[in-house]
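Here's final-v4.pdb, which has PDB, C-alpha atoms:
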```pdb
ATOM      1  CA  SER A 142     -98.149 -42.053  51.093  1.00  0.00           C
ATOM      2  CA  GLN A 143     -96.990 -43.287  47.732  1.00  0.00           C
ATOM      3  CA  THR A 144     -95.644 -46.778  47.209  1.00  0.00           C
ATOM      4  CA  ILE A 145     -94.366 -48.670  44.220  1.00  0.00           C
ATOM      5  CA  HIS A 146     -94.575 -52.420  43.792  1.00  0.00           C
ATOM      6  CA  GLN A 147     -92.650 -54.626  41.419  1.00  0.00           C
ATOM      7  CA  TRP A 148     -93.019 -58.328  40.916  1.00  0.00           C
ATOM      8  CA  PRO A 149     -91.708 -60.876  40.781  1.00  0.00           C
ATOM      9  CA  ALA A 150     -88.571 -60.162  42.791  1.00  0.00           C
ATOM     10  CA  THR A 151     -86.583 -62.830  40.982  1.00  0.00           C
ATOM     11  CA  LEU A 152     -87.219 -64.755  37.799  1.00  0.00           C
ATOM     12  CA  VAL A 153     -85.367 -67.474  35.939  1.00  0.00           C
ATOM     13  CA  GLN A 154     -86.506 -68.012  32.380  1.00  0.00           C
ATOM     14  CA  PRO A 155     -85.224 -70.105  29.454  1.00  0.00           C
ATOM     15  CA  VAL A 156     -84.087 -68.467  26.246  1.00  0.00           C
ATOM     16  CA  GLY A 157     -86.990 -67.991  23.869  1.00  0.00           C
ATOM     17  CA  SER A 158     -89.658 -67.848  26.551  1.00  0.00           C
ATOM     18  CA  PRO A 159     -91.970 -64.847  27.027  1.00  0.00           C
ATOM     19  CA  LEU A 160     -91.626 -62.263  29.768  1.00  0.00           C
ATOM     20  CA  SER A 161     -94.004 -60.094  31.721  1.00  0.00           C
ATOM     21  CA  LEU A 162     -92.878 -57.866  34.585  1.00  0.00           C
ATOM     22  CA  GLU A 163     -95.392 -55.700  36.362  1.00  0.00           C
ATOM     23  CA  CYS A 164     -95.075 -52.449  38.228  1.00  0.00           C
ATOM     24  CA  THR A 165     -97.832 -50.611  40.058  1.00  0.00           C
ATOM     25  CA  VAL A 166     -97.865 -47.340  41.937  1.00  0.00           C
ATOM     26  CA  GLU A 167    -100.218 -46.442  44.757  1.00  0.00           C
ATOM     27  CA  GLY A 168    -101.092 -43.136  46.335  1.00  0.00           C
ATOM     28  CA  THR A 169    -100.631 -40.844  43.360  1.00  0.00           C
ATOM     29  CA  SER A 170    -102.385 -40.017  40.108  1.00  0.00           C
ATOM     30  CA  ASN A 171    -101.009 -39.677  36.586  1.00  0.00           C
ATOM     31  CA  PRO A 172     -97.412 -40.458  37.489  1.00  0.00           C
ATOM     32  CA  ASN A 173     -94.613 -40.630  34.968  1.00  0.00           C
ATOM     33  CA  LEU A 174     -93.408 -44.218  34.859  1.00  0.00           C
ATOM     34  CA  TYR A 175     -90.024 -45.603  33.874  1.00  0.00           C
ATOM     35  CA  TRP A 176     -88.352 -48.943  33.211  1.00  0.00           C
ATOM     36  CA  TYR A 177     -84.596 -49.211  33.695  1.00  0.00           C
ATOM     37  CA  ARG A 178     -82.228 -52.119  33.234  1.00  0.00           C
ATOM     38  CA  GLN A 179     -79.080 -52.556  35.249  1.00  0.00           C
ATOM     39  CA  ALA A 180     -76.714 -55.092  33.724  1.00  0.00           C
ATOM     40  CA  ALA A 181     -74.048 -56.703  35.892  1.00  0.00           C
ATOM     41  CA  GLY A 182     -71.222 -54.244  36.579  1.00  0.00           C
ATOM     42  CA  ARG A 183     -72.898 -51.466  34.642  1.00  0.00           C
ATOM     43  CA  GLY A 184     -75.034 -48.459  35.375  1.00  0.00           C
ATOM     44  CA  LEU A 185     -78.710 -47.962  34.785  1.00  0.00           C
ATOM     45  CA  GLN A 186     -80.059 -47.739  31.284  1.00  0.00           C
ATOM     46  CA  LEU A 187     -83.434 -46.172  30.648  1.00  0.00           C
ATOM     47  CA  LEU A 188     -85.540 -48.529  28.539  1.00  0.00           C
ATOM     48  CA  PHE A 189     -88.982 -46.925  28.429  1.00  0.00           C
ATOM     49  CA  TYR A 190     -90.901 -44.100  29.974  1.00  0.00           C
ATOM     50  CA  SER A 191     -94.567 -43.177  29.949  1.00  0.00           C
ATOM     51  CA  VAL A 192     -96.323 -39.908  30.675  1.00  0.00           C
ATOM     52  CA  GLY A 193     -99.839 -41.340  30.452  1.00  0.00           C
ATOM     53  CA  ILE A 194    -102.048 -44.316  29.618  1.00  0.00           C
ATOM     54  CA  GLY A 195    -101.061 -45.815  26.284  1.00  0.00           C
ATOM     55  CA  GLN A 196     -98.162 -43.369  25.863  1.00  0.00           C
ATOM     56  CA  ILE A 197     -94.821 -45.158  25.680  1.00  0.00           C
ATOM     57  CA  SER A 198     -91.436 -43.772  24.670  1.00  0.00           C
ATOM     58  CA  SER A 199     -88.594 -46.146  23.923  1.00  0.00           C
ATOM     59  CA  GLU A 200     -85.055 -45.038  24.499  1.00  0.00           C
ATOM     60  CA  VAL A 201     -83.149 -47.899  22.920  1.00  0.00           C
ATOM     61  CA  PRO A 202     -83.965 -50.495  20.275  1.00  0.00           C
ATOM     62  CA  GLN A 203     -84.295 -53.873  21.890  1.00  0.00           C
ATOM     63  CA  ASN A 204     -86.103 -57.111  22.347  1.00  0.00           C
ATOM     64  CA  LEU A 205     -88.480 -55.649  24.906  1.00  0.00           C
ATOM     65  CA  SER A 206     -91.720 -53.703  24.849  1.00  0.00           C
ATOM     66  CA  ALA A 207     -93.720 -51.785  27.443  1.00  0.00           C
ATOM     67  CA  SER A 208     -97.368 -51.061  27.960  1.00  0.00           C
ATOM     68  CA  ARG A 209     -99.426 -48.913  30.291  1.00  0.00           C
ATOM     69  CA  PRO A 210    -102.952 -50.283  30.379  1.00  0.00           C
ATOM     70  CA  GLN A 211    -103.941 -48.301  33.469  1.00  0.00           C
ATOM     71  CA  ASP A 212    -102.841 -45.020  34.998  1.00  0.00           C
ATOM     72  CA  ARG A 213    -100.692 -46.615  37.677  1.00  0.00           C
ATOM     73  CA  GLN A 214     -99.663 -49.834  35.967  1.00  0.00           C
ATOM     74  CA  PHE A 215     -96.600 -50.323  33.807  1.00  0.00           C
ATOM     75  CA  ILE A 216     -95.721 -53.654  32.204  1.00  0.00           C
ATOM     76  CA  LEU A 217     -92.468 -54.756  30.614  1.00  0.00           C
ATOM     77  CA  SER A 218     -92.757 -57.616  28.136  1.00  0.00           C
ATOM     78  CA  SER A 219     -90.918 -59.743  25.672  1.00  0.00           C
ATOM     79  CA  LYS A 220     -92.169 -62.369  23.244  1.00  0.00           C
ATOM     80  CA  LYS A 221     -88.876 -64.274  23.184  1.00  0.00           C
ATOM     81  CA  LEU A 222     -86.138 -63.698  25.735  1.00  0.00           C
ATOM     82  CA  LEU A 223     -82.478 -63.537  24.792  1.00  0.00           C
ATOM     83  CA  LEU A 224     -79.492 -64.304  26.993  1.00  0.00           C
ATOM     84  CA  SER A 225     -78.593 -60.619  26.838  1.00  0.00           C
ATOM     85  CA  ASP A 226     -81.903 -59.721  28.499  1.00  0.00           C
ATOM     86  CA  SER A 227     -80.554 -60.906  31.844  1.00  0.00           C
ATOM     87  CA  GLY A 228     -80.212 -58.138  34.388  1.00  0.00           C
ATOM     88  CA  PHE A 229     -81.836 -56.225  37.184  1.00  0.00           C
ATOM     89  CA  TYR A 230     -84.957 -54.373  36.075  1.00  0.00           C
ATOM     90  CA  LEU A 231     -86.123 -51.356  37.978  1.00  0.00           C
ATOM     91  CA  CYS A 232     -89.389 -49.496  37.727  1.00  0.00           C
ATOM     92  CA  ALA A 233     -89.588 -45.885  38.838  1.00  0.00           C
ATOM     93  CA  TRP A 234     -92.161 -43.129  39.042  1.00  0.00           C
ATOM     94  CA  SER A 235     -92.183 -39.372  39.301  1.00  0.00           C
ATOM     95  CA  VAL A 236     -94.818 -36.683  39.412  1.00  0.00           C
ATOM     96  CA  GLY A 237     -94.751 -34.112  36.670  1.00  0.00           C
ATOM     97  CA  LEU A 238     -92.139 -33.531  34.018  1.00  0.00           C
ATOM     98  CA  ALA A 239     -90.173 -30.879  35.872  1.00  0.00           C
ATOM     99  CA  ALA A 240     -86.577 -31.954  35.934  1.00  0.00           C
ATOM    100  CA  LYS A 241     -86.207 -31.416  39.645  1.00  0.00           C
ATOM    101  CA  ASN A 242     -88.872 -33.986  40.430  1.00  0.00           C
ATOM    102  CA  ILE A 243     -87.422 -36.989  42.132  1.00  0.00           C
ATOM    103  CA  GLN A 244     -87.732 -40.454  40.674  1.00  0.00           C
ATOM    104  CA  TYR A 245     -88.729 -43.103  43.194  1.00  0.00           C
ATOM    105  CA  PHE A 246     -87.657 -46.650  42.530  1.00  0.00           C
ATOM    106  CA  GLY A 247     -89.174 -50.033  43.166  1.00  0.00           C
ATOM    107  CA  ALA A 248     -87.252 -52.912  44.689  1.00  0.00           C
ATOM    108  CA  GLY A 249     -86.420 -54.398  41.304  1.00  0.00           C
ATOM    109  CA  THR A 250     -86.723 -57.725  39.521  1.00  0.00           C
ATOM    110  CA  ARG A 251     -83.654 -59.849  38.954  1.00  0.00           C
ATOM    111  CA  LEU A 252     -84.050 -61.705  35.669  1.00  0.00           C
ATOM    112  CA  SER A 253     -81.790 -64.572  34.715  1.00  0.00           C
ATOM    113  CA  VAL A 254     -82.160 -65.939  31.207  1.00  0.00           C
ATOM    114  CA  LEU A 255     -80.594 -69.370  30.819  1.00  0.00           C
TER
ATOM    115  CA  ALA B 186     -75.667 -34.691  25.275  1.00  0.00           C
ATOM    116  CA  GLN B 187     -75.386 -35.461  28.940  1.00  0.00           C
ATOM    117  CA  SER B 188     -72.843 -37.808  30.436  1.00  0.00           C
ATOM    118  CA  VAL B 189     -71.934 -38.730  33.968  1.00  0.00           C
ATOM    119  CA  THR B 190     -68.576 -40.097  35.062  1.00  0.00           C
ATOM    120  CA  GLN B 191     -68.005 -41.773  38.380  1.00  0.00           C
ATOM    121  CA  LEU B 192     -64.299 -42.275  38.959  1.00  0.00           C
ATOM    122  CA  GLY B 193     -63.571 -45.528  40.687  1.00  0.00           C
ATOM    123  CA  SER B 194     -65.987 -48.404  40.281  1.00  0.00           C
ATOM    124  CA  HIS B 195     -64.839 -49.761  43.656  1.00  0.00           C
ATOM    125  CA  VAL B 196     -63.847 -47.780  46.727  1.00  0.00           C
ATOM    126  CA  SER B 197     -62.745 -49.265  50.046  1.00  0.00           C
ATOM    127  CA  VAL B 198     -62.484 -47.322  53.271  1.00  0.00           C
ATOM    128  CA  SER B 199     -61.916 -48.250  56.875  1.00  0.00           C
ATOM    129  CA  GLU B 200     -64.730 -47.854  59.343  1.00  0.00           C
ATOM    130  CA  GLY B 201     -64.580 -44.320  60.717  1.00  0.00           C
ATOM    131  CA  ALA B 202     -62.606 -42.968  57.762  1.00  0.00           C
ATOM    132  CA  LEU B 203     -63.706 -40.301  55.299  1.00  0.00           C
ATOM    133  CA  VAL B 204     -65.841 -41.406  52.392  1.00  0.00           C
ATOM    134  CA  LEU B 205     -65.311 -39.606  49.069  1.00  0.00           C
ATOM    135  CA  LEU B 206     -67.147 -40.746  45.953  1.00  0.00           C
ATOM    136  CA  ARG B 207     -66.500 -38.749  42.809  1.00  0.00           C
ATOM    137  CA  CYS B 208     -68.957 -37.628  40.178  1.00  0.00           C
ATOM    138  CA  ASN B 209     -68.334 -35.387  37.187  1.00  0.00           C
ATOM    139  CA  TYR B 210     -70.833 -34.411  34.552  1.00  0.00           C
ATOM    140  CA  SER B 211     -70.541 -33.181  31.019  1.00  0.00           C
ATOM    141  CA  SER B 212     -73.116 -30.631  30.005  1.00  0.00           C
ATOM    142  CA  SER B 213     -73.212 -27.178  28.464  1.00  0.00           C
ATOM    143  CA  VAL B 214     -75.878 -26.145  30.963  1.00  0.00           C
ATOM    144  CA  PRO B 215     -75.535 -27.101  34.628  1.00  0.00           C
ATOM    145  CA  PRO B 216     -77.979 -29.918  35.251  1.00  0.00           C
ATOM    146  CA  TYR B 217     -79.820 -30.928  38.362  1.00  0.00           C
ATOM    147  CA  LEU B 218     -77.777 -33.469  40.284  1.00  0.00           C
ATOM    148  CA  PHE B 219     -78.673 -36.459  42.408  1.00  0.00           C
ATOM    149  CA  TRP B 220     -77.029 -39.202  44.417  1.00  0.00           C
ATOM    150  CA  TYR B 221     -78.798 -42.519  44.914  1.00  0.00           C
ATOM    151  CA  VAL B 222     -77.797 -45.512  47.038  1.00  0.00           C
ATOM    152  CA  GLN B 223     -78.592 -49.121  46.243  1.00  0.00           C
ATOM    153  CA  TYR B 224     -78.297 -51.847  48.827  1.00  0.00           C
ATOM    154  CA  PRO B 225     -77.927 -55.445  47.594  1.00  0.00           C
ATOM    155  CA  ASN B 226     -80.954 -56.696  45.675  1.00  0.00           C
ATOM    156  CA  GLN B 227     -82.912 -53.543  46.377  1.00  0.00           C
ATOM    157  CA  GLY B 228     -84.053 -50.545  44.398  1.00  0.00           C
ATOM    158  CA  LEU B 229     -82.453 -47.133  44.474  1.00  0.00           C
ATOM    159  CA  GLN B 230     -82.990 -44.730  47.343  1.00  0.00           C
ATOM    160  CA  LEU B 231     -82.417 -40.996  47.042  1.00  0.00           C
ATOM    161  CA  LEU B 232     -79.579 -39.712  49.222  1.00  0.00           C
ATOM    162  CA  LEU B 233     -79.625 -36.059  48.223  1.00  0.00           C
ATOM    163  CA  LYS B 234     -80.162 -33.690  45.338  1.00  0.00           C
ATOM    164  CA  TYR B 235     -79.076 -30.293  44.099  1.00  0.00           C
ATOM    165  CA  THR B 236     -81.326 -28.139  41.957  1.00  0.00           C
ATOM    166  CA  THR B 237     -80.720 -24.509  42.918  1.00  0.00           C
ATOM    167  CA  GLY B 238     -79.522 -22.482  45.872  1.00  0.00           C
ATOM    168  CA  ALA B 239     -76.814 -23.478  48.313  1.00  0.00           C
ATOM    169  CA  THR B 240     -74.200 -25.583  46.596  1.00  0.00           C
ATOM    170  CA  LEU B 241     -73.505 -27.749  49.630  1.00  0.00           C
ATOM    171  CA  VAL B 242     -76.410 -30.088  50.169  1.00  0.00           C
ATOM    172  CA  LYS B 243     -76.973 -32.456  53.030  1.00  0.00           C
ATOM    173  CA  GLY B 244     -78.703 -35.778  52.654  1.00  0.00           C
ATOM    174  CA  ILE B 245     -79.719 -38.759  54.676  1.00  0.00           C
ATOM    175  CA  ASN B 246     -77.389 -40.964  56.716  1.00  0.00           C
ATOM    176  CA  GLY B 247     -74.832 -38.177  57.205  1.00  0.00           C
ATOM    177  CA  PHE B 248     -73.921 -37.784  53.539  1.00  0.00           C
ATOM    178  CA  GLU B 249     -73.408 -34.476  51.814  1.00  0.00           C
ATOM    179  CA  ALA B 250     -72.327 -33.291  48.391  1.00  0.00           C
ATOM    180  CA  GLU B 251     -71.073 -30.046  46.939  1.00  0.00           C
ATOM    181  CA  PHE B 252     -71.881 -28.750  43.490  1.00  0.00           C
ATOM    182  CA  LYS B 253     -68.840 -27.086  41.927  1.00  0.00           C
ATOM    183  CA  LYS B 254     -69.770 -25.536  38.619  1.00  0.00           C
ATOM    184  CA  SER B 255     -66.173 -24.641  37.696  1.00  0.00           C
ATOM    185  CA  GLU B 256     -65.155 -28.266  38.118  1.00  0.00           C
ATOM    186  CA  THR B 257     -68.423 -29.755  36.787  1.00  0.00           C
ATOM    187  CA  SER B 258     -68.411 -31.975  39.840  1.00  0.00           C
ATOM    188  CA  PHE B 259     -70.804 -33.213  42.494  1.00  0.00           C
ATOM    189  CA  HIS B 260     -68.716 -35.373  44.811  1.00  0.00           C
ATOM    190  CA  LEU B 261     -70.353 -37.259  47.665  1.00  0.00           C
ATOM    191  CA  THR B 262     -68.731 -37.261  51.106  1.00  0.00           C
ATOM    192  CA  LYS B 263     -69.287 -38.542  54.602  1.00  0.00           C
ATOM    193  CA  PRO B 264     -66.889 -37.702  57.433  1.00  0.00           C
ATOM    194  CA  SER B 265     -66.949 -41.103  59.106  1.00  0.00           C
ATOM    195  CA  ALA B 266     -67.827 -44.356  57.348  1.00  0.00           C
ATOM    196  CA  HIS B 267     -70.094 -46.880  58.997  1.00  0.00           C
ATOM    197  CA  MET B 268     -70.412 -50.537  58.152  1.00  0.00           C
ATOM    198  CA  SER B 269     -73.992 -49.944  57.054  1.00  0.00           C
ATOM    199  CA  ASP B 270     -72.759 -47.558  54.330  1.00  0.00           C
ATOM    200  CA  ALA B 271     -71.534 -50.487  52.248  1.00  0.00           C
ATOM    201  CA  ALA B 272     -73.596 -50.276  49.068  1.00  0.00           C
ATOM    202  CA  GLU B 273     -73.592 -49.165  45.440  1.00  0.00           C
ATOM    203  CA  TYR B 274     -73.801 -45.429  44.876  1.00  0.00           C
ATOM    204  CA  PHE B 275     -75.063 -43.790  41.714  1.00  0.00           C
ATOM    205  CA  CYS B 276     -74.710 -40.229  40.581  1.00  0.00           C
ATOM    206  CA  ALA B 277     -77.416 -38.986  38.230  1.00  0.00           C
ATOM    207  CA  VAL B 278     -78.084 -35.798  36.323  1.00  0.00           C
ATOM    208  CA  ILE B 279     -81.050 -34.378  34.507  1.00  0.00           C
ATOM    209  CA  PRO B 280     -81.115 -31.284  32.303  1.00  0.00           C
ATOM    210  CA  PRO B 281     -83.159 -28.442  33.818  1.00  0.00           C
ATOM    211  CA  THR B 282     -85.618 -28.659  30.927  1.00  0.00           C
ATOM    212  CA  GLY B 283     -85.516 -32.430  30.535  1.00  0.00           C
ATOM    213  CA  ASN B 284     -87.284 -35.390  32.060  1.00  0.00           C
ATOM    214  CA  GLN B 285     -84.729 -38.144  31.591  1.00  0.00           C
ATOM    215  CA  PHE B 286     -82.156 -39.113  34.166  1.00  0.00           C
ATOM    216  CA  TYR B 287     -78.622 -39.972  33.084  1.00  0.00           C
ATOM    217  CA  PHE B 288     -76.905 -42.283  35.538  1.00  0.00           C
ATOM    218  CA  GLY B 289     -73.250 -42.926  36.146  1.00  0.00           C
ATOM    219  CA  THR B 290     -71.991 -46.496  36.146  1.00  0.00           C
ATOM    220  CA  GLY B 291     -71.949 -46.593  39.923  1.00  0.00           C
ATOM    221  CA  THR B 292     -69.348 -46.921  42.672  1.00  0.00           C
ATOM    222  CA  SER B 293     -69.346 -49.894  44.990  1.00  0.00           C
ATOM    223  CA  LEU B 294     -68.350 -48.851  48.501  1.00  0.00           C
ATOM    224  CA  THR B 295     -66.781 -51.396  50.838  1.00  0.00           C
ATOM    225  CA  VAL B 296     -66.281 -50.536  54.500  1.00  0.00           C
ATOM    226  CA  ILE B 297     -63.506 -52.439  56.234  1.00  0.00           C
ATOM    227  CA  PRO B 298     -63.922 -53.062  59.964  1.00  0.00           C
TER
END
```

Show me the file's structure as structure tokens.
Amino acid sequence: SQTIHQWPATLVQPVGSPLSLECTVEGTSNPNLYWYRQAAGRGLQLLFYSVGIGQISSEVPQNLSASRPQDRQFILSSKKLLLSDSGFYLCAWSVGLAAKNIQYFGAGTRLSVL
Amino acid sequence: AQSVTQLGSHVSVSEGALVLLRCNYSSSVPPYLFWYVQYPNQGLQLLLKYTTGATLVKGINGFEAEFKKSETSFHLTKPSAHMSDAAEYFCAVIPPTGNQFYFGTGTSLTVIP
């Protein structure tokens, strides 16, 4: 069966520090991968998605970047965190680009920038 | 462009009462529709989805939703609320030819004993 792992579960970082969040998927090949951010009291915002190794699409301009060094690994990064980067970050995967394909979510990383 | 509206950011119901969470979408072409649930500090779990076929769909934990094209709605219901239903619920849509989900802002459900 397929599983998705995100770590760390929680993270407290000072403003201006770097960030690296990792997401890995097991049990499937060539998944589509997604990074979402959920700010307090708000819905989910798609940040990045990837349909293959080295292929990253950004949905909104921001202080963050994403990379996909391996088929089932998706990394969210920042060189210098801002206060506004605080939030709950969710990684998700799906198989294929058909719209009816379900997205499966990881448990999330809660990031607090102080 | 797609948009999803969830009326009521907070809904409270008594245990055993009907749960009704509203979702309306804005799209020229009927999208595929999903409901997800998020328990505190956890990721999202799929409750149910509608793509084609029967407009009343049943999901996990006794939830169901009905797609009404004329009303551009996909409201989530459960006949009898349980304490364990307390969570955040998200409606999401995706165009039939797209690959990006559009999420509503979520509805926090509180169940009162």

Got a sec to resolve the PyMOL selection byres ((chain A and resi 249) around 12) on this structure and send the residues as a PDB file with C-alpha atoms, in the coordinates of the input?
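Result file follows (part.pdb):
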```
ATOM      1  CA  ILE A 145     -94.366 -48.670  44.220  1.00  0.00           C
ATOM      2  CA  HIS A 146     -94.575 -52.420  43.792  1.00  0.00           C
ATOM      3  CA  GLN A 147     -92.650 -54.626  41.419  1.00  0.00           C
ATOM      4  CA  TRP A 148     -93.019 -58.328  40.916  1.00  0.00           C
ATOM      5  CA  PRO A 149     -91.708 -60.876  40.781  1.00  0.00           C
ATOM      6  CA  ALA A 150     -88.571 -60.162  42.791  1.00  0.00           C
ATOM      7  CA  THR A 151     -86.583 -62.830  40.982  1.00  0.00           C
ATOM      8  CA  LEU A 152     -87.219 -64.755  37.799  1.00  0.00           C
ATOM      9  CA  LEU A 162     -92.878 -57.866  34.585  1.00  0.00           C
ATOM     10  CA  GLU A 163     -95.392 -55.700  36.362  1.00  0.00           C
ATOM     11  CA  CYS A 164     -95.075 -52.449  38.228  1.00  0.00           C
ATOM     12  CA  TRP A 176     -88.352 -48.943  33.211  1.00  0.00           C
ATOM     13  CA  TYR A 177     -84.596 -49.211  33.695  1.00  0.00           C
ATOM     14  CA  ARG A 178     -82.228 -52.119  33.234  1.00  0.00           C
ATOM     15  CA  GLN A 179     -79.080 -52.556  35.249  1.00  0.00           C
ATOM     16  CA  LEU A 185     -78.710 -47.962  34.785  1.00  0.00           C
ATOM     17  CA  GLY A 228     -80.212 -58.138  34.388  1.00  0.00           C
ATOM     18  CA  PHE A 229     -81.836 -56.225  37.184  1.00  0.00           C
ATOM     19  CA  TYR A 230     -84.957 -54.373  36.075  1.00  0.00           C
ATOM     20  CA  LEU A 231     -86.123 -51.356  37.978  1.00  0.00           C
ATOM     21  CA  CYS A 232     -89.389 -49.496  37.727  1.00  0.00           C
ATOM     22  CA  ALA A 233     -89.588 -45.885  38.838  1.00  0.00           C
ATOM     23  CA  TYR A 245     -88.729 -43.103  43.194  1.00  0.00           C
ATOM     24  CA  PHE A 246     -87.657 -46.650  42.530  1.00  0.00           C
ATOM     25  CA  GLY A 247     -89.174 -50.033  43.166  1.00  0.00           C
ATOM     26  CA  ALA A 248     -87.252 -52.912  44.689  1.00  0.00           C
ATOM     27  CA  THR A 250     -86.723 -57.725  39.521  1.00  0.00           C
ATOM     28  CA  ARG A 251     -83.654 -59.849  38.954  1.00  0.00           C
ATOM     29  CA  LEU A 252     -84.050 -61.705  35.669  1.00  0.00           C
TER      30      LEU A 252
ATOM     31  CA  GLN B 223     -78.592 -49.121  46.243  1.00  0.00           C
ATOM     32  CA  TYR B 224     -78.297 -51.847  48.827  1.00  0.00           C
ATOM     33  CA  PRO B 225     -77.927 -55.445  47.594  1.00  0.00           C
ATOM     34  CA  ASN B 226     -80.954 -56.696  45.675  1.00  0.00           C
ATOM     35  CA  GLN B 227     -82.912 -53.543  46.377  1.00  0.00           C
ATOM     36  CA  GLY B 228     -84.053 -50.545  44.398  1.00  0.00           C
ATOM     37  CA  LEU B 229     -82.453 -47.133  44.474  1.00  0.00           C
ATOM     38  CA  GLN B 230     -82.990 -44.730  47.343  1.00  0.00           C
TER      39      GLN B 230
END
```

Can you pull out the residues contacting A:Leu160? Cut-off 8 Å, using all atoms listed in the file, and skip same-chain residues under 6 positions away; I want them as a PDB file with C-alpha atoms, keeping the file's coordinate frame.
```
ATOM      1  CA  LEU A 217     -92.468 -54.756  30.614  1.00  0.00           C
ATOM      2  CA  SER A 218     -92.757 -57.616  28.136  1.00  0.00           C
ATOM      3  CA  SER A 219     -90.918 -59.743  25.672  1.00  0.00           C
ATOM      4  CA  LYS A 220     -92.169 -62.369  23.244  1.00  0.00           C
ATOM      5  CA  LYS A 221     -88.876 -64.274  23.184  1.00  0.00           C
ATOM      6  CA  LEU A 222     -86.138 -63.698  25.735  1.00  0.00           C
TER       7      LEU A 222
END
```

The distance between atom CA of B:Ser258 and atom CA of B:Pro298 is 29.5 Å

Which of these, B:Tyr287, B:Phe248, B:Phe275, B:Phe259, has the shortest distance to B:Tyr221 once you count all atoms listed in the file?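 Answer, going by the shortest atom-to-atom distance: B:Phe275.
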
Subject >> Result set, the ChimeraX specification (/A :<7) & /B on current file, as a VMD selection string >> reply: chain B and resid 217 227 to 230 236 279 to 284 288 to 291

One-decimal distance in Å that lies between atom CA of B:Pro215 and atom CA of A:Ala180: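 Atom-to-atom, atom CA of A:Ala180 and atom CA of B:Pro215 are spaced 28.0 Å apart.
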
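Minimum atom-to-atom distances from B:Thr257, B:Phe286, B:Thr190, B:Ala202 to B:Val214 were compared using only C-alpha atoms, and the lowest value belongs to B:Thr257.
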
Open item on the list: Within 9 Å of (-66.2, -51.7, 41.7) in the file's own coordinates, which protein, DNA or RNA residues have an atom, counting only C-alpha atoms? List them as a list in words.
Closed with: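 With a cut-off of 9 Å, the residues come to Gly182 of chain A; Gly193, Ser194, His195, Val196, Glu273, Gly291, Thr292, Ser293 and Leu294 of chain B.
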
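Among the candidates B:Val189, B:Leu203, B:Val222, B:Leu241, the one nearest to B:Tyr274 when counting all atoms listed in the file is B:Val222.
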
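Atom pair atom CA of B:Phe219 / atom CA of A:Val166: separated by 22.1 Å.
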
Kindly provide, as a PDB file with C-alpha atoms, in the frame of the given file, the polymer residues lying within 10 Å of (-68.5, -54.2, 56.9), counting all atoms listed in the file and using the coordinates exactly as they appear in the file.
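File produced: point.pdb:
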```
ATOM      1  CA  VAL B 198     -62.484 -47.322  53.271  1.00  0.00           C
ATOM      2  CA  SER B 199     -61.916 -48.250  56.875  1.00  0.00           C
ATOM      3  CA  GLU B 200     -64.730 -47.854  59.343  1.00  0.00           C
ATOM      4  CA  ALA B 266     -67.827 -44.356  57.348  1.00  0.00           C
ATOM      5  CA  HIS B 267     -70.094 -46.880  58.997  1.00  0.00           C
ATOM      6  CA  MET B 268     -70.412 -50.537  58.152  1.00  0.00           C
ATOM      7  CA  SER B 269     -73.992 -49.944  57.054  1.00  0.00           C
ATOM      8  CA  ASP B 270     -72.759 -47.558  54.330  1.00  0.00           C
ATOM      9  CA  ALA B 271     -71.534 -50.487  52.248  1.00  0.00           C
ATOM     10  CA  LEU B 294     -68.350 -48.851  48.501  1.00  0.00           C
ATOM     11  CA  THR B 295     -66.781 -51.396  50.838  1.00  0.00           C
ATOM     12  CA  VAL B 296     -66.281 -50.536  54.500  1.00  0.00           C
ATOM     13  CA  ILE B 297     -63.506 -52.439  56.234  1.00  0.00           C
ATOM     14  CA  PRO B 298     -63.922 -53.062  59.964  1.00  0.00           C
TER      15      PRO B 298
END
```

Next on the checklist: Once the PyMOL selection byres ((chain A and resi 226) around 8) has been evaluated on this model, what residues remain selected, and can you format them as a list in words?
Outcome noted: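 Evaluating the PyMOL selection byres ((chain A and resi 226) around 8) on these coordinates yields Asn204, Leu222, Leu223, Leu224, Ser225, Ser227, Gly228, Leu252, Ser253 and Val254 of chain A.
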
>> Could you list, as a list in words, every residue within 8 Å of B:Leu192, counting only C-alpha atoms and ignoring same-chain residues fewer than 3 positions away?
In response: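 Once the nearby chain positions are removed, what remains is Leu206, Arg207, Cys208 and Thr292 of chain B.
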
Item to complete: Give the answer as one residue: which of A:Ser170, A:Ile216, A:Ser142, A:Leu255 has the shortest atom-to-atom distance to A:Gly157, using only C-alpha atoms?
Response: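 Using only C-alpha atoms, the shortest distance to A:Gly157 belongs to A:Leu255.
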
Nearest to B:Gln285, restricted to only C-alpha atoms and choosing among B:Pro216, B:Pro264, B:Glu249, B:Gly201, comes out as B:Pro216

Practice prompt. Rank B:Ala250, B:Ala277, B:Leu233, B:Ala272 by their smallest atom-to-atom distance to B:Leu205, using only C-alpha atoms, and report the top residue only.
Written response: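 That would be B:Ala250, the residue with the smallest distance to B:Leu205.
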
Just the residues within 9 Å of A:Asp212, please, counting only C-alpha atoms, with nothing from its chain fewer than 4 positions along; format it as a list in words.
->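 Once the adjacent positions are removed, what remains is Val166, Ser170, Asn171, Pro172, Gly193, Ile194 and Gly195 of chain A.
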
Quick one: what's the axis-aligned box for stretch 166-179 of chain A, all listed atoms, 3 Å on every side, centre and edges in Å to one decimal, as JSON?
```
{"center_x": -90.7, "center_y": -46.1, "center_z": 39.8, "size_x": 29.3, "size_y": 18.9, "size_z": 19.1}
```
